[in-house]
$ cat start.cif   # mmCIF, C-alpha atoms
data_structure
#
loop_
_atom_site.label_atom_id
_atom_site.label_comp_id
_atom_site.auth_asym_id
_atom_site.auth_seq_id
_atom_site.Cartn_x
_atom_site.Cartn_y
_atom_site.Cartn_z
CA MET A 1 -26.36 19.16 114.45
CA ARG A 2 -25.32 17.81 111.11
CA MET A 3 -27.75 15.42 109.41
CA THR A 4 -25.92 12.52 107.79
CA ALA A 5 -27.35 10.10 105.24
CA GLY A 6 -27.46 7.43 107.94
CA ASN A 7 -29.41 9.67 110.32
CA LEU A 8 -31.83 10.58 107.55
CA THR A 9 -32.47 6.92 106.68
CA PHE A 10 -33.03 6.15 110.35
CA ALA A 11 -35.45 9.07 110.67
CA PHE A 12 -37.43 7.79 107.67
CA ILE A 13 -37.56 4.27 109.12
CA VAL A 14 -38.85 5.62 112.46
CA LEU A 15 -41.42 7.80 110.69
CA GLY A 16 -42.57 4.86 108.54
CA ALA A 17 -42.88 2.63 111.59
CA ARG A 18 -44.92 5.27 113.43
CA LEU A 19 -47.24 5.71 110.46
CA ALA A 20 -47.69 1.94 110.20
CA LEU A 21 -48.48 1.74 113.92
CA ALA A 22 -50.94 4.63 113.66
CA THR A 23 -52.67 2.93 110.72
CA ALA A 24 -52.83 -0.34 112.61
CA ALA A 25 -54.12 1.40 115.75
CA ALA A 26 -56.97 3.19 113.95
CA PRO A 27 -58.51 0.87 111.36
CA ASP A 28 -60.39 2.40 108.48
CA VAL A 29 -64.07 2.23 109.31
CA GLN A 30 -65.29 3.95 106.17
CA LEU A 31 -67.20 1.48 104.04
CA GLN A 32 -66.63 1.20 100.32
CA MET A 33 -70.18 1.91 99.22
CA PRO A 34 -71.34 0.01 96.13
CA ASN A 35 -72.99 2.26 93.53
CA PHE A 36 -76.37 0.54 94.03
CA ASP A 37 -77.30 1.21 90.40
CA SER A 38 -79.83 -1.61 90.27
CA LEU A 39 -81.55 -0.32 93.40
CA ALA A 40 -81.56 3.29 92.23
CA SER A 41 -83.05 2.37 88.85
CA ASN A 42 -85.97 0.54 90.51
CA ALA A 43 -86.52 2.98 93.36
CA SER A 44 -89.37 5.46 93.44
CA ASP A 45 -87.38 7.64 95.80
CA SER A 46 -83.71 7.61 96.68
CA VAL A 47 -81.54 9.53 99.12
CA SER A 48 -77.77 9.65 98.77
CA ILE A 49 -75.97 11.70 101.38
CA THR A 50 -72.21 12.06 101.64
CA LEU A 51 -70.94 14.46 104.27
CA ASP A 52 -67.17 14.57 104.72
CA SER A 53 -65.41 16.48 107.49
CA GLY A 54 -65.40 19.69 105.45
CA LEU A 55 -69.14 19.62 104.78
CA LEU A 56 -69.85 18.58 108.39
CA GLY A 57 -67.93 21.67 109.51
CA ILE A 58 -69.91 23.91 107.16
CA ALA A 59 -73.19 22.30 108.27
CA ALA A 60 -72.25 22.82 111.93
CA ALA A 61 -71.71 26.52 111.27
CA PHE A 62 -75.29 26.77 109.97
CA LEU A 63 -76.91 24.95 112.89
CA ASP A 64 -78.85 27.19 115.24
CA SER A 65 -77.89 26.30 118.81
CA SER A 66 -81.08 27.87 120.14
CA LYS A 67 -83.14 25.13 118.43
CA PRO A 68 -83.09 21.83 120.38
CA GLU A 69 -82.84 19.70 117.23
CA ASP A 70 -79.95 21.76 115.83
CA ALA A 71 -78.17 21.90 119.19
CA ALA A 72 -78.41 18.10 119.54
CA ALA A 73 -77.11 17.60 116.02
CA LYS A 74 -74.22 20.02 116.61
CA ASP A 75 -73.27 18.22 119.78
CA LEU A 76 -73.44 14.81 118.12
CA ILE A 77 -71.33 15.65 115.08
CA SER A 78 -68.54 17.35 117.04
CA GLY A 79 -66.36 14.21 116.91
CA LEU A 80 -67.49 12.87 113.56
CA LYS A 81 -65.39 12.64 110.41
CA SER A 82 -68.02 11.66 107.87
CA ILE A 83 -71.57 10.42 107.39
CA TYR A 84 -72.81 8.35 104.44
CA VAL A 85 -76.47 7.49 103.92
CA ARG A 86 -78.03 5.55 101.06
CA ASN A 87 -81.78 5.08 101.21
CA TYR A 88 -84.01 3.60 98.50
CA THR A 89 -87.80 3.42 98.63
CA PHE A 90 -89.88 1.28 96.27
CA ASP A 91 -93.50 1.46 95.15
CA LYS A 92 -93.91 -2.31 95.41
CA ASP A 93 -92.17 -5.15 97.19
CA PHE A 94 -88.73 -5.49 95.73
CA THR A 95 -86.17 -8.27 95.93
CA TYR A 96 -82.76 -6.71 96.36
CA PRO A 97 -79.84 -8.11 94.44
CA SER A 98 -77.81 -9.75 97.17
CA ALA A 99 -74.46 -8.96 95.52
CA ASP A 100 -74.42 -5.32 96.67
CA VAL A 101 -75.51 -6.18 100.20
CA ASP A 102 -72.97 -9.01 100.38
CA LEU A 103 -70.26 -6.59 99.29
CA LEU A 104 -71.14 -4.46 102.30
CA ARG A 105 -71.36 -7.33 104.75
CA LYS A 106 -67.94 -8.65 103.71
CA GLN A 107 -66.39 -5.41 104.94
CA LEU A 108 -68.05 -5.73 108.32
CA SER A 109 -65.93 -8.49 109.75
CA ALA A 110 -64.24 -8.98 113.12
CA PRO A 111 -62.07 -7.83 114.77
CA VAL A 112 -62.74 -4.31 113.46
CA TRP A 113 -66.52 -4.59 113.43
CA GLN A 114 -68.81 -6.09 116.05
CA ARG A 115 -72.46 -6.73 115.43
CA LEU A 116 -74.40 -4.97 118.16
CA VAL A 117 -77.90 -5.79 116.91
CA GLY A 118 -79.12 -8.29 114.34
CA VAL A 119 -82.88 -8.54 114.12
CA ARG A 120 -85.01 -10.50 111.67
CA SER A 121 -88.73 -9.90 111.89
CA GLY A 122 -90.98 -12.37 110.16
CA LYS A 123 -94.05 -10.26 110.88
CA LYS A 124 -92.69 -6.97 109.54
CA GLN A 125 -90.34 -8.65 107.09
CA ALA A 126 -87.66 -6.29 108.29
CA ASN A 127 -84.02 -7.09 108.80
CA VAL A 128 -81.83 -4.67 110.69
CA ASP A 129 -78.15 -5.09 111.49
CA ILE A 130 -76.20 -2.59 113.57
CA TYR A 131 -72.42 -2.85 113.62
CA MET A 132 -69.95 -0.91 115.70
CA SER A 133 -66.22 -0.45 115.54
CA VAL A 134 -64.56 0.08 118.91
CA ASN A 135 -61.01 1.33 119.20
CA GLN A 136 -59.42 1.83 122.63
CA ASN A 137 -62.83 1.81 124.35
CA ASN A 138 -64.15 4.47 121.97
CA VAL A 139 -66.79 3.85 119.35
CA ASN A 140 -65.25 5.15 116.14
CA GLY A 141 -67.61 3.70 113.55
CA LEU A 142 -71.26 2.75 113.17
CA VAL A 143 -73.05 0.94 110.36
CA ILE A 144 -76.76 0.28 110.02
CA ILE A 145 -78.12 -1.96 107.27
CA ALA A 146 -81.89 -2.08 107.19
CA SER A 147 -83.86 -3.96 104.57
CA GLU A 148 -87.63 -3.94 104.39
CA PRO A 149 -89.85 -5.12 101.53
CA ARG A 150 -90.14 -1.58 100.15
CA GLU A 151 -87.10 0.15 101.58
CA PHE A 152 -83.38 -0.44 101.78
CA THR A 153 -81.03 1.71 103.88
CA VAL A 154 -77.32 1.81 104.63
CA VAL A 155 -75.88 4.27 107.13
CA ASN A 156 -72.15 4.61 107.80
CA ILE A 157 -70.97 7.05 110.46
CA VAL A 158 -67.21 7.51 110.81
CA GLY A 159 -65.59 9.18 113.80
CA SER A 160 -65.84 9.30 117.52
CA ILE A 161 -69.45 8.49 118.37
CA ASP A 162 -70.53 9.29 121.88
CA LEU A 163 -73.23 6.82 122.89
CA GLN A 164 -74.38 9.19 125.61
CA LYS A 165 -74.96 11.89 122.98
CA LEU A 166 -76.81 9.36 120.84
CA ARG A 167 -79.01 8.58 123.81
CA ARG A 168 -79.61 12.28 124.35
CA LEU A 169 -81.14 12.42 120.87
CA GLU A 170 -84.11 10.45 122.21
CA GLY A 171 -87.25 12.12 121.02
CA LYS A 172 -85.37 14.01 118.31
CA PHE A 173 -85.17 12.75 114.71
CA GLY A 174 -87.37 9.80 115.84
CA ILE A 175 -84.58 8.12 117.79
CA PRO A 176 -85.95 5.77 120.45
CA LYS A 177 -84.61 5.04 123.92
CA LEU A 178 -81.84 2.55 123.38
CA GLN A 179 -80.76 -0.04 125.91
CA LEU A 180 -77.05 0.65 125.50
CA GLU A 181 -74.58 -0.36 128.12
CA GLU A 182 -72.75 2.48 129.76
CA LYS A 183 -69.03 1.92 130.11
CA LYS A 184 -67.53 3.60 133.14
CA MET B 185 -19.23 108.24 76.70
CA SER B 186 -22.97 108.16 77.02
CA ASN B 187 -23.36 107.57 73.34
CA HIS B 188 -20.92 104.75 73.43
CA LEU B 189 -22.89 103.01 76.20
CA ASP B 190 -26.12 103.51 74.25
CA ASP B 191 -24.58 101.95 71.18
CA GLN B 192 -23.36 98.98 73.16
CA LEU B 193 -26.80 98.41 74.67
CA ARG B 194 -28.57 98.79 71.37
CA ASN B 195 -26.17 96.35 69.82
CA ALA B 196 -26.66 93.80 72.62
CA LEU B 197 -30.44 94.04 72.55
CA ARG B 198 -30.95 93.97 68.85
CA PRO B 199 -33.56 91.46 67.52
CA VAL B 200 -31.86 88.23 66.47
CA ASP B 201 -33.46 85.38 64.51
CA PRO B 202 -33.26 82.23 66.77
CA GLY B 203 -33.16 79.93 63.79
CA GLU B 204 -35.29 76.99 62.64
CA GLU B 205 -33.67 74.46 65.00
CA PHE B 206 -34.53 76.47 68.12
CA THR B 207 -38.17 76.84 67.03
CA GLN B 208 -38.45 73.08 66.49
CA HIS B 209 -37.03 72.39 69.97
CA VAL B 210 -39.56 74.72 71.54
CA VAL B 211 -42.47 73.14 69.66
CA GLN B 212 -41.30 69.61 70.61
CA ARG B 213 -40.93 70.58 74.27
CA LEU B 214 -44.43 72.03 74.34
CA ALA B 215 -45.91 68.86 72.87
CA HIS B 216 -44.01 66.70 75.41
CA ASP B 217 -45.18 68.81 78.36
CA LYS B 218 -48.78 68.56 77.16
CA ARG B 219 -48.61 64.73 77.06
CA ARG B 220 -47.00 64.55 80.49
CA SER B 221 -49.57 66.77 82.12
CA ARG B 222 -52.49 64.67 80.85
CA TRP B 223 -52.66 62.47 84.00
CA SER B 224 -52.20 65.33 86.38
CA THR B 225 -55.14 67.20 84.97
CA PRO B 226 -58.58 66.87 86.61
CA ALA B 227 -59.74 64.68 83.69
CA GLY B 228 -56.94 62.19 84.39
CA LEU B 229 -57.81 62.10 88.05
CA GLN B 230 -61.42 61.35 87.14
CA TRP B 231 -60.34 58.31 85.14
CA LEU B 232 -58.24 57.10 88.04
CA SER B 233 -61.12 57.56 90.51
CA ALA B 234 -63.53 55.77 88.21
CA ALA B 235 -61.14 52.83 87.82
CA LEU B 236 -60.66 52.66 91.59
CA ALA B 237 -64.42 52.77 92.23
CA ALA B 238 -65.00 50.05 89.63
CA ALA B 239 -62.37 47.86 91.32
CA VAL B 240 -64.02 48.37 94.73
CA VAL B 241 -67.49 47.56 93.35
CA LEU B 242 -66.13 44.47 91.58
CA GLY B 243 -64.45 43.33 94.78
CA PHE B 244 -67.65 43.88 96.76
CA LEU B 245 -69.73 41.94 94.20
CA THR B 246 -67.24 39.05 94.20
CA ALA B 247 -67.27 38.90 98.01
CA HIS B 248 -71.07 39.03 98.03
CA ALA B 249 -71.33 36.23 95.45
CA TRP B 250 -68.89 34.12 97.47
CA GLN B 251 -70.90 34.75 100.63
CA VAL B 252 -74.19 33.79 98.92
CA ARG B 253 -72.60 30.61 97.51
CA ARG B 254 -71.17 29.68 100.92
CA GLU B 255 -74.54 30.27 102.57
CA GLN B 256 -76.31 28.08 100.01
CA GLN B 257 -73.69 25.35 100.50
CA GLY B 258 -74.03 25.63 104.28
CA LEU B 259 -77.83 25.43 104.23
CA GLU B 260 -77.70 22.45 101.87
CA ALA B 261 -75.14 20.70 104.13
CA ARG B 262 -77.33 21.41 107.16
CA LYS B 263 -80.38 20.00 105.36
CA GLN B 264 -78.43 16.86 104.41
CA LEU B 265 -77.10 16.43 107.94
CA LEU B 266 -80.57 16.63 109.49
CA GLU B 267 -81.89 14.24 106.83
CA ALA B 268 -79.02 11.80 107.56
CA LEU B 269 -79.76 11.94 111.29
CA ARG B 270 -83.48 11.49 110.61
CA VAL B 271 -82.86 8.36 108.52
CA THR B 272 -80.43 7.04 111.15
CA GLY B 273 -82.99 7.65 113.89
CA GLU B 274 -85.73 6.01 111.85
CA LYS B 275 -83.69 2.84 111.34
CA LEU B 276 -82.63 2.69 115.00
CA ASP B 277 -86.31 3.05 115.83
CA LEU B 278 -87.14 0.18 113.46
CA ALA B 279 -84.53 -2.04 115.15
CA TYR B 280 -85.91 -1.10 118.55
CA ARG B 281 -89.51 -1.87 117.54
CA VAL B 282 -88.58 -5.21 115.99
CA VAL B 283 -86.63 -6.23 119.11
CA ASN B 284 -89.54 -5.09 121.27
CA ASP B 285 -92.10 -6.98 119.19
CA GLU B 286 -90.02 -10.14 119.33
CA ALA B 287 -89.55 -9.79 123.09
CA HIS B 288 -93.29 -9.24 123.64
CA GLY B 289 -94.12 -12.16 121.34
CA THR B 290 -91.80 -14.47 123.27
CA ALA B 291 -93.16 -13.26 126.61
CA GLY B 292 -96.73 -13.81 125.38
CA GLU B 293 -95.95 -17.31 124.23
CA ASN B 294 -94.25 -18.11 127.55
CA SER B 295 -97.14 -16.77 129.66
CA GLY B 296 -99.67 -18.65 127.56
CA ALA B 297 -97.86 -21.99 127.95
#

$ encode --input "start.cif" --output "structure tokens"
Amino acid sequence: MRMTAGNLTFAFIVLGARLALATAAAPDVQLQMPNFDSLASNASDSVSITLDSGLLGIAAAFLDSSKPEDAAAKDLISGLKSIYVRNYTFDKDFTYPSADVDLLRKQLSAPVWQRLVGVRSGKKQANVDIYMSVNQNNVNGLVIIASEPREFTVVNIVGSIDLQKLRRLEGKFGIPKLQLEEKK
Amino acid sequence: MSNHLDDQLRNALRPVDPGEEFTQHVVQRLAHDKRRSRWSTPAGLQWLSAALAAAVVLGFLTAHAWQVRREQQGLEARKQLLEALRVTGEKLDLAYRVVNDEAHGTAGENSGA
């Protein structure tokens, strides 16, 4: 078959349309993390973890399936694309600059993100928000923002998250029994 | 007859000076052959073997260094993954406890009223 200029243009239009549809069908659920400089400079301890698909693959190769904790982690990360964790601990009560947190919250808007849990505890002075992104009945993104007087944490997990696997982590890594609805 | 044959033979086999040019050719040829046979001598083979062995050792060391680096990277990635899951679990636990506390507080207030 001979490819004419018209055919080629048509092929490019179809390819472009498919790419646009694919992009629209799978929204980007990776947060643009602020650099949190002000938090890092005041923190007594900070954890910054960035694991992309390549590093997750390498980590998976070094997990020992005979250990329950490793086996659970291996099972959980099988569908994940990346994990980002920022955690700052302070020696004394610290008022966070709201600008960085607001920058995060602005990205967590409907219809891509749904807030699953939003708790404000006056007694513990802890605020925890859990957001999920659901695409075609599959959870493909999770964000946790937790602020306590002496600790601030942001977790962003990108990829297919199996809630059943998350539930199976109960008792491992300190994950509690969650009252999550099972979709059948 | 016999004398004639003897004379002919003597004449044919008489010593003749080959000349300066011939001698130079022979000397040059000898020098060229010596150079060419340098690699085919046992000493040349030794050099070749040593170079080959050095290449094998270098290759082995490079592969070993790559393996060590990959193992370090893998162990570090594993450590970070477990730490990330620990922090995630900790924060899910915090959310769960706060929700529980609030629920118990509300229930207590309701039962007391």

$ interface_residues --input "start.cif" --of "chain B" --to "chain A" --cutoff "9 Å" --atoms "only C-alpha atoms" --output "number ranges by chain"
B: 254-255, 257-283, 285-286

$ resolve_selection --input "start.cif" --expression "the PyMOL selection byres ((chain A and resi 111) around 12)" --output "PDB file with C-alpha atoms, keeping the file's coordinate frame"
ATOM      1  CA  PRO A  27     -58.510   0.870 111.360  1.00  0.00           C
ATOM      2  CA  VAL A  29     -64.070   2.230 109.310  1.00  0.00           C
ATOM      3  CA  GLN A 107     -66.390  -5.410 104.940  1.00  0.00           C
ATOM      4  CA  LEU A 108     -68.050  -5.730 108.320  1.00  0.00           C
ATOM      5  CA  SER A 109     -65.930  -8.490 109.750  1.00  0.00           C
ATOM      6  CA  ALA A 110     -64.240  -8.980 113.120  1.00  0.00           C
ATOM      7  CA  VAL A 112     -62.740  -4.310 113.460  1.00  0.00           C
ATOM      8  CA  TRP A 113     -66.520  -4.590 113.430  1.00  0.00           C
ATOM      9  CA  GLN A 114     -68.810  -6.090 116.050  1.00  0.00           C
ATOM     10  CA  ARG A 115     -72.460  -6.730 115.430  1.00  0.00           C
ATOM     11  CA  TYR A 131     -72.420  -2.850 113.620  1.00  0.00           C
ATOM     12  CA  MET A 132     -69.950  -0.910 115.700  1.00  0.00           C
ATOM     13  CA  SER A 133     -66.220  -0.450 115.540  1.00  0.00           C
ATOM     14  CA  VAL A 134     -64.560   0.080 118.910  1.00  0.00           C
ATOM     15  CA  ASN A 135     -61.010   1.330 119.200  1.00  0.00           C
TER      16      ASN A 135
END

$ atom_distance --input "start.cif" --atom1 "CA of Asp45 (chain A)" --atom2 "CA of Asp91 (chain A)"
8.7 Å

$ atom_distance --input "start.cif" --atom1 "CA of Thr95 (chain A)" --atom2 "CA of Ala43 (chain A)"
11.5 Å

$ atom_distance --input "start.cif" --atom1 "CA of Ser38 (chain A)" --atom2 "CA of Arg150 (chain A)"
14.3 Å

$ axis_aligned_box --input "start.cif" --around "region 191-207 of chain B" --padding-each-side "8 Å" --output "lines of an AutoDock Vina configuration file"
center_x = -30.8
center_y = 88.2
center_z = 68.7
size_x = 30.8
size_y = 43.5
size_z = 28.0

$ residues_around --input "start.cif" --residues "Val158 (chain A)" --least-positions-apart "2" --cutoff "8 Å" --atoms "all atoms listed in the file" --output "list in words"
Val29, Gln30, Leu80, Lys81, Ser82, Ile83, Asn140, Gly141, Leu142, Asn156, Ser160 and Ile161 of chain A
